[in-house]
$ cat protein-v9.pdb   # PDB, C-alpha atoms
ATOM      1  CA  MET F  33       2.076 -35.090   6.707
ATOM      2  CA  ARG F  34       4.801 -37.640   5.958
ATOM      3  CA  ARG F  35       6.545 -36.629   9.195
ATOM      4  CA  ILE F  36       3.328 -37.371  11.111
ATOM      5  CA  ILE F  37       2.586 -40.691   9.376
ATOM      6  CA  ASN F  38       6.206 -41.884   9.434
ATOM      7  CA  PRO F  39       8.055 -39.692  11.961
ATOM      8  CA  PRO F  40      11.858 -39.602  11.660
ATOM      9  CA  ASP F  41      14.167 -39.836  14.657
ATOM     10  CA  VAL F  42      14.249 -36.419  16.300
ATOM     11  CA  GLU F  43      16.637 -35.406  19.074
ATOM     12  CA  GLY F  44      14.212 -33.674  21.443
ATOM     13  CA  GLY F  45      16.922 -32.009  23.532
ATOM     14  CA  ALA F  46      18.662 -30.395  20.548
ATOM     15  CA  VAL F  47      15.320 -29.232  19.120
ATOM     16  CA  LEU F  48      14.346 -27.664  22.463
ATOM     17  CA  VAL F  49      17.659 -25.805  22.922
ATOM     18  CA  VAL F  50      17.718 -24.376  19.374
ATOM     19  CA  ALA F  51      14.038 -23.405  19.599
ATOM     20  CA  LEU F  52      14.530 -21.556  22.905
ATOM     21  CA  ILE F  53      17.458 -19.597  21.429
ATOM     22  CA  GLY F  54      15.230 -18.728  18.462
ATOM     23  CA  VAL F  55      12.453 -17.558  20.800
ATOM     24  CA  VAL F  56      14.802 -15.146  22.601
ATOM     25  CA  VAL F  57      16.283 -13.746  19.357
ATOM     26  CA  ASN F  58      12.847 -13.255  17.776
ATOM     27  CA  ILE F  59      11.406 -11.556  20.872
ATOM     28  CA  LEU F  60      14.233  -8.994  20.731
ATOM     29  CA  ALA F  61      13.810  -8.480  16.971
ATOM     30  CA  THR F  62      10.015  -8.211  17.206
ATOM     31  CA  ARG F  63      10.241  -5.581  19.950
ATOM     32  CA  SER F  64      12.645  -3.573  17.808
ATOM     33  CA  VAL F  65      10.466  -3.621  14.677
ATOM     34  CA  ALA F  66       7.220  -3.061  16.624
ATOM     35  CA  GLY F  67       8.320   0.517  17.357
ATOM     36  CA  ALA F  68       8.912   1.358  13.679
ATOM     37  CA  ASN F  69       6.413   2.964  11.285
ATOM     38  CA  ARG F  70       4.210  -0.045  10.540
ATOM     39  CA  GLN F  71       2.030   1.915   8.102
ATOM     40  CA  SER F  72       4.640   0.883   5.546
ATOM     41  CA  LEU F  73       3.720  -2.469   4.004
ATOM     42  CA  ASN F  74       7.412  -3.447   3.933
ATOM     43  CA  ILE F  75       7.870  -2.884   7.666
ATOM     44  CA  GLU F  76       4.553  -4.554   8.482
ATOM     45  CA  GLY F  77       5.626  -7.521   6.348
ATOM     46  CA  ALA F  78       8.911  -7.791   8.261
ATOM     47  CA  TYR F  79       7.004  -7.545  11.566
ATOM     48  CA  GLN F  80       4.546 -10.284  10.556
ATOM     49  CA  HIS F  81       7.479 -12.430   9.418
ATOM     50  CA  LEU F  82       9.150 -12.061  12.817
ATOM     51  CA  LEU F  83       5.883 -12.883  14.611
ATOM     52  CA  THR F  84       5.497 -15.994  12.466
ATOM     53  CA  ASP F  85       9.077 -17.038  13.243
ATOM     54  CA  LEU F  86       8.447 -16.461  16.954
ATOM     55  CA  ALA F  87       5.318 -18.643  16.858
ATOM     56  CA  ALA F  88       7.248 -21.283  14.912
ATOM     57  CA  PHE F  89      10.037 -21.400  17.498
ATOM     58  CA  ILE F  90       7.523 -21.602  20.356
ATOM     59  CA  ALA F  91       5.714 -24.479  18.618
ATOM     60  CA  THR F  92       9.068 -26.177  17.952
ATOM     61  CA  ALA F  93      10.112 -25.751  21.600
ATOM     62  CA  ILE F  94       6.856 -27.355  22.773
ATOM     63  CA  ALA F  95       7.319 -30.192  20.277
ATOM     64  CA  GLY F  96      10.912 -30.720  21.453
ATOM     65  CA  LEU F  97       9.782 -30.784  25.092
ATOM     66  CA  ILE F  98       7.048 -33.336  24.291
ATOM     67  CA  ILE F  99       9.502 -35.555  22.395
ATOM     68  CA  LEU F 100      12.058 -35.257  25.199
ATOM     69  CA  THR F 101       9.599 -36.137  27.981
ATOM     70  CA  THR F 102       7.204 -38.599  26.288
ATOM     71  CA  GLY F 103       8.989 -39.840  23.145
ATOM     72  CA  PHE F 104       5.987 -38.797  20.995
ATOM     73  CA  LYS F 105       7.890 -38.124  17.739
ATOM     74  CA  GLU F 106       4.758 -37.111  15.836
ATOM     75  CA  ALA F 107       4.811 -33.833  17.790
ATOM     76  CA  ASP F 108       7.438 -32.494  15.376
ATOM     77  CA  GLY F 109       5.161 -32.957  12.337
ATOM     78  CA  ILE F 110       2.138 -31.558  14.175
ATOM     79  CA  ALA F 111       4.161 -28.465  15.120
ATOM     80  CA  ALA F 112       5.170 -28.044  11.452
ATOM     81  CA  LEU F 113       1.480 -28.109  10.415
ATOM     82  CA  LEU F 114       0.621 -25.491  13.039
ATOM     83  CA  VAL F 115       3.437 -23.257  11.784
ATOM     84  CA  ALA F 116       2.200 -23.621   8.185
ATOM     85  CA  GLY F 117      -1.288 -22.547   9.321
ATOM     86  CA  ILE F 118       0.121 -19.501  11.132
ATOM     87  CA  MET F 119       2.115 -18.536   8.010
ATOM     88  CA  LEU F 120      -1.005 -18.782   5.842
ATOM     89  CA  TYR F 121      -2.969 -16.589   8.250
ATOM     90  CA  ALA F 122      -0.183 -13.978   8.470
ATOM     91  CA  SER F 123       0.370 -13.814   4.704
ATOM     92  CA  TYR F 124      -3.333 -13.403   3.825
ATOM     93  CA  TRP F 125      -3.532  -9.766   4.980
ATOM     94  CA  LEU F 126      -0.221  -8.876   3.327
ATOM     95  CA  LEU F 127      -1.413 -10.352   0.008
ATOM     96  CA  ILE F 128      -4.677  -8.382   0.201
ATOM     97  CA  GLU F 129      -2.906  -5.082   0.952
ATOM     98  CA  SER F 130      -0.166  -5.554  -1.654
ATOM     99  CA  GLY F 131      -2.865  -6.470  -4.182
ATOM    100  CA  ARG F 132      -4.552  -3.118  -3.523
ATOM    101  CA  VAL F 133      -1.280  -1.345  -4.350
ATOM    102  CA  PHE F 134      -0.751  -3.361  -7.547
ATOM    103  CA  LEU F 135      -4.339  -2.743  -8.676
ATOM    104  CA  GLU F 136      -4.029   0.987  -7.855
ATOM    105  CA  ALA F 137      -7.076   0.895  -5.588
ATOM    106  CA  ALA F 138      -7.944   3.889  -3.435
ATOM    107  CA  PRO F 139      -6.228   3.797  -0.034
ATOM    108  CA  ARG F 140      -8.310   2.436   2.828
ATOM    109  CA  GLY F 141     -10.140   5.139   4.743
ATOM    110  CA  MET F 142     -10.023   7.652   1.891
ATOM    111  CA  ASP F 143     -13.393   8.854   0.564
ATOM    112  CA  VAL F 144     -12.699   9.769  -3.087
ATOM    113  CA  PRO F 145     -16.050  11.590  -3.627
ATOM    114  CA  GLU F 146     -15.326  13.648  -0.497
ATOM    115  CA  ILE F 147     -11.902  14.578  -1.894
ATOM    116  CA  GLY F 148     -13.570  15.646  -5.161
ATOM    117  CA  LYS F 149     -16.050  17.847  -3.255
ATOM    118  CA  ALA F 150     -13.208  19.435  -1.292
ATOM    119  CA  ILE F 151     -11.389  20.314  -4.533
ATOM    120  CA  VAL F 152     -14.516  21.827  -6.126
ATOM    121  CA  HIS F 153     -15.209  23.936  -3.027
ATOM    122  CA  GLU F 154     -11.822  25.631  -3.262
ATOM    123  CA  SER F 155     -11.842  29.252  -4.437
ATOM    124  CA  GLY F 156     -11.775  29.642  -8.231
ATOM    125  CA  VAL F 157     -12.433  25.970  -9.037
ATOM    126  CA  VAL F 158     -15.345  25.357 -11.411
ATOM    127  CA  GLU F 159     -15.092  21.639 -12.108
ATOM    128  CA  VAL F 160     -12.963  18.582 -11.425
ATOM    129  CA  HIS F 161     -12.954  15.340 -13.375
ATOM    130  CA  ASP F 162     -10.707  12.348 -14.143
ATOM    131  CA  LEU F 163     -10.047  12.196 -10.409
ATOM    132  CA  HIS F 164      -7.910   9.192  -9.472
ATOM    133  CA  VAL F 165      -6.576   8.388  -5.997
ATOM    134  CA  TRP F 166      -4.273   5.405  -5.516
ATOM    135  CA  GLU F 167      -1.239   4.222  -3.553
ATOM    136  CA  VAL F 168       2.317   4.359  -4.865
ATOM    137  CA  SER F 169       3.169   2.222  -1.831
ATOM    138  CA  SER F 170       1.240   1.434   1.316
ATOM    139  CA  ASP F 171       2.288   4.697   2.999
ATOM    140  CA  MET F 172       2.306   7.033  -0.043
ATOM    141  CA  PRO F 173      -1.124   7.982  -1.439
ATOM    142  CA  ALA F 174      -1.162   9.785  -4.779
ATOM    143  CA  LEU F 175      -3.757  11.822  -6.667
ATOM    144  CA  ALA F 176      -4.242  12.928 -10.247
ATOM    145  CA  ALA F 177      -7.074  15.106 -11.554
ATOM    146  CA  HIS F 178      -8.125  17.522 -14.280
ATOM    147  CA  VAL F 179      -9.218  20.792 -12.666
ATOM    148  CA  ILE F 180     -11.118  23.589 -14.443
ATOM    149  CA  VAL F 181     -10.868  27.084 -12.939
ATOM    150  CA  GLY F 182     -12.575  30.366 -13.819
ATOM    151  CA  ARG F 183     -11.358  32.446 -16.767
ATOM    152  CA  ASP F 184      -9.999  35.183 -14.487
ATOM    153  CA  CYS F 185      -8.517  32.806 -11.904
ATOM    154  CA  ASP F 186      -4.751  32.456 -11.498
ATOM    155  CA  CYS F 187      -4.452  28.734 -12.221
ATOM    156  CA  HIS F 188      -0.911  28.516 -10.801
ATOM    157  CA  GLN F 189      -1.963  29.942  -7.434
ATOM    158  CA  ALA F 190      -5.088  27.745  -7.485
ATOM    159  CA  ARG F 191      -2.924  24.665  -8.033
ATOM    160  CA  LEU F 192      -0.676  25.595  -5.103
ATOM    161  CA  ARG F 193      -3.721  26.058  -2.858
ATOM    162  CA  LEU F 194      -5.106  22.687  -3.924
ATOM    163  CA  VAL F 195      -1.788  20.928  -3.330
ATOM    164  CA  ALA F 196      -1.551  22.415   0.190
ATOM    165  CA  MET F 197      -5.193  21.541   0.988
ATOM    166  CA  LEU F 198      -4.831  17.933  -0.184
ATOM    167  CA  ASP F 199      -1.707  17.494   1.914
ATOM    168  CA  ASP F 200      -3.107  19.144   5.060
ATOM    169  CA  ARG F 201      -6.609  17.680   4.968
ATOM    170  CA  PHE F 202      -6.145  14.251   3.388
ATOM    171  CA  GLY F 203      -2.427  13.550   3.788
ATOM    172  CA  ILE F 204      -1.890  13.314   0.022
ATOM    173  CA  ALA F 205       1.538  14.787  -0.710
ATOM    174  CA  HIS F 206       2.019  13.346  -4.213
ATOM    175  CA  THR F 207      -0.375  15.164  -6.561
ATOM    176  CA  THR F 208      -0.577  15.685 -10.326
ATOM    177  CA  LEU F 209      -3.105  18.376 -11.246
ATOM    178  CA  GLN F 210      -3.840  19.403 -14.830
ATOM    179  CA  MET F 211      -5.166  22.973 -14.620
ATOM    180  CA  ASP F 212      -7.289  24.549 -17.385
ATOM    181  CA  HIS F 213      -9.367  27.728 -17.664
ATOM    182  CA  GLU F 214     -13.101  27.645 -18.203
ATOM    183  CA  GLY F 215     -14.371  28.566 -21.674
ATOM    184  CA  GLY F 216     -12.114  30.582 -23.988
ATOM    185  CA  ASP F 217     -11.963  30.836 -27.773
ATOM    186  CA  LEU F 218     -10.877  27.779 -29.683
ATOM    187  CA  VAL F 219      -7.796  27.933 -31.884
ATOM    188  CA  GLN F 220      -8.354  26.771 -35.461
ATOM    189  CA  LEU F 221      -5.699  25.561 -37.875
ATOM    190  CA  GLU F 222      -5.790  26.350 -41.587
ATOM    191  CA  VAL F 223      -3.365  24.774 -44.027
ATOM    192  CA  ASN F 224      -1.675  27.180 -46.436
ATOM    193  CA  ARG F 225      -1.633  24.992 -49.534
ATOM    194  CA  GLN F 226       0.819  27.228 -51.385
ATOM    195  CA  GLU F 227       3.567  27.219 -48.768
ATOM    196  CA  GLY F 228       2.559  24.114 -46.870
ATOM    197  CA  LEU F 229       2.609  26.027 -43.553
ATOM    198  CA  PRO F 230      -0.232  25.785 -40.996
ATOM    199  CA  PRO F 231      -0.794  29.383 -39.791
ATOM    200  CA  LEU F 232      -2.832  29.900 -36.588
ATOM    201  CA  ARG F 233      -6.117  31.770 -36.764
ATOM    202  CA  ALA F 234      -8.141  32.527 -33.655
TER
END
$ encode --input "protein-v9.pdb" --output "structure tokens"
Amino acid sequence: MRRIINPPDVEGGAVLVVALIGVVVNILATRSVAGANRQSLNIEGAYQHLLTDLAAFIATAIAGLIILTTGFKEADGIAALLVAGIMLYASYWLLIESGRVFLEAAPRGMDVPEIGKAIVHESGVVEVHDLHVWEVSSDMPALAAHVIVGRDCDCHQARLRLVAMLDDRFGIAHTTLQMDHEGGDLVQLEVNRQEGLPPLRA
């Protein structure tokens, strides 16, 4: 705002030349990053940063051209305000998405109740609870759950089937499943007061 109210002396020609060089460099860099896996929040952040830089250099080039041809020095400050607005717009989405990761929210597009139903419908599974789906990073969903299987079910094989199903159907490769059998006798502890040892009694 100070640069608009009281504009400093700006060499329009130098501003234009440097800005045009910046435009060329950022176009090459943006094209390179655009082909990368932008599902990663880090890569998307770098891409948005390059786009913002490109817009900034274009705005600076226009401001330099205006100063060079008309002597309107306020163009430099106006261009700076436009760049600040573009930066705010570009950073908003990144802040929202990174906030979802920090708050361990469910990944976008993932229906957690549907995942729970898919687990329960697997052979041998009786119940699932404490189901939690979140993102370790923007491109790495994770799942944790407590799964109850039938008394005669092989819980190790059931876990392997669940892990494969979650990966194939929902793209969740990082899973932590606590497997338990349905029912069963409880184990009771009795303290042997004479020897101080707690023998087990079923």
$ resolve_selection --input "protein-v9.pdb" --expression "the PyMOL selection byres ((chain F and resi 160) around 7)" --output "ChimeraX atom specification"
/F:148,152,159,161,177-180
$ residues_around --input "protein-v9.pdb" --residues "stretch 198-206 of chain F" --least-positions-apart "6" --cutoff "8 Å" --atoms "all atoms listed in the file" --output "number ranges by chain"
F: 142, 147, 172-175
$ residues_around --input "protein-v9.pdb" --residues "stretch 118-123 of chain F" --least-positions-apart "3" --cutoff "7 Å" --atoms "only C-alpha atoms" --output "VMD selection string"
chain F and resid 80 84 114 to 115 126 to 127
$ atom_distance --input "protein-v9.pdb" --atom1 "atom CA of F:Ile36" --atom2 "atom CA of F:Ala107"
7.7 Å
$ residues_near_point --input "protein-v9.pdb" --point "(4.4, -42.2, 9.3)" --cutoff "12 Å" --atoms "only C-alpha atoms" --output "number ranges by chain"
F: 33-41, 105-110
$ atom_distance --input "protein-v9.pdb" --atom1 "atom CA of F:Ser155" --atom2 "atom CA of F:Glu167"
27.2 Å
$ resolve_selection --input "protein-v9.pdb" --expression "the PyMOL selection byres ((chain F and resi 88) around 9)" --output "list in words"
Ala51, Val55, Leu83, Thr84, Asp85, Leu86, Ala87, Phe89, Ile90, Ala91, Thr92, Ala93, Ala111, Ala112, Leu114, Val115, Ala116 and Ile118 of chain F
$ atom_distance --input "protein-v9.pdb" --atom1 "atom CA of F:Gly96" --atom2 "atom CA of F:Val47"
5.2 Å
$ closest_residue --input "protein-v9.pdb" --among "F:Gly77, F:Gly156, F:Gly215, F:Pro145" --to "F:Trp125" --atoms "all atoms listed in the file"
F:Gly77
$ closest_residue --input "protein-v9.pdb" --among "F:Leu113, F:Val168, F:Val157, F:Ala61" --to "F:Val133" --atoms "all atoms listed in the file"
F:Val168
$ resolve_selection --input "protein-v9.pdb" --expression "the PyMOL selection byres ((chain F and resi 184) around 10)" --output "list in words"
Gly156, Val181, Gly182, Arg183, Cys185, Asp186, Cys187, His213 and Glu214 of chain F
$ write_last_selection --input "protein-v9.pdb" --atoms "C-alpha atoms" --output "short mmCIF file (atom, residue, chain, number, x, y, z; two decimals), in the coordinates of the input"
data_model
loop_
_atom_site.label_atom_id
_atom_site.label_comp_id
_atom_site.auth_asym_id
_atom_site.auth_seq_id
_atom_site.Cartn_x
_atom_site.Cartn_y
_atom_site.Cartn_z
CA GLY F 156 -11.78 29.64 -8.23
CA VAL F 181 -10.87 27.08 -12.94
CA GLY F 182 -12.58 30.37 -13.82
CA ARG F 183 -11.36 32.45 -16.77
CA CYS F 185 -8.52 32.81 -11.90
CA ASP F 186 -4.75 32.46 -11.50
CA CYS F 187 -4.45 28.73 -12.22
CA HIS F 213 -9.37 27.73 -17.66
CA GLU F 214 -13.10 27.64 -18.20
#
$ closest_residue --input "protein-v9.pdb" --among "F:Leu163, F:Leu194, F:Ile99, F:Ala138" --to "F:Val42" --atoms "only C-alpha atoms"
F:Ile99
$ closest_residue --input "protein-v9.pdb" --among "F:His188, F:Arg140, F:His164, F:Arg193" --to "F:Thr208" --atoms "only C-alpha atoms"
F:His164
$ closest_residue --input "protein-v9.pdb" --among "F:Leu82, F:Val56, F:Val144, F:Val49" --to "F:Asp162" --atoms "all atoms listed in the file"
F:Val144
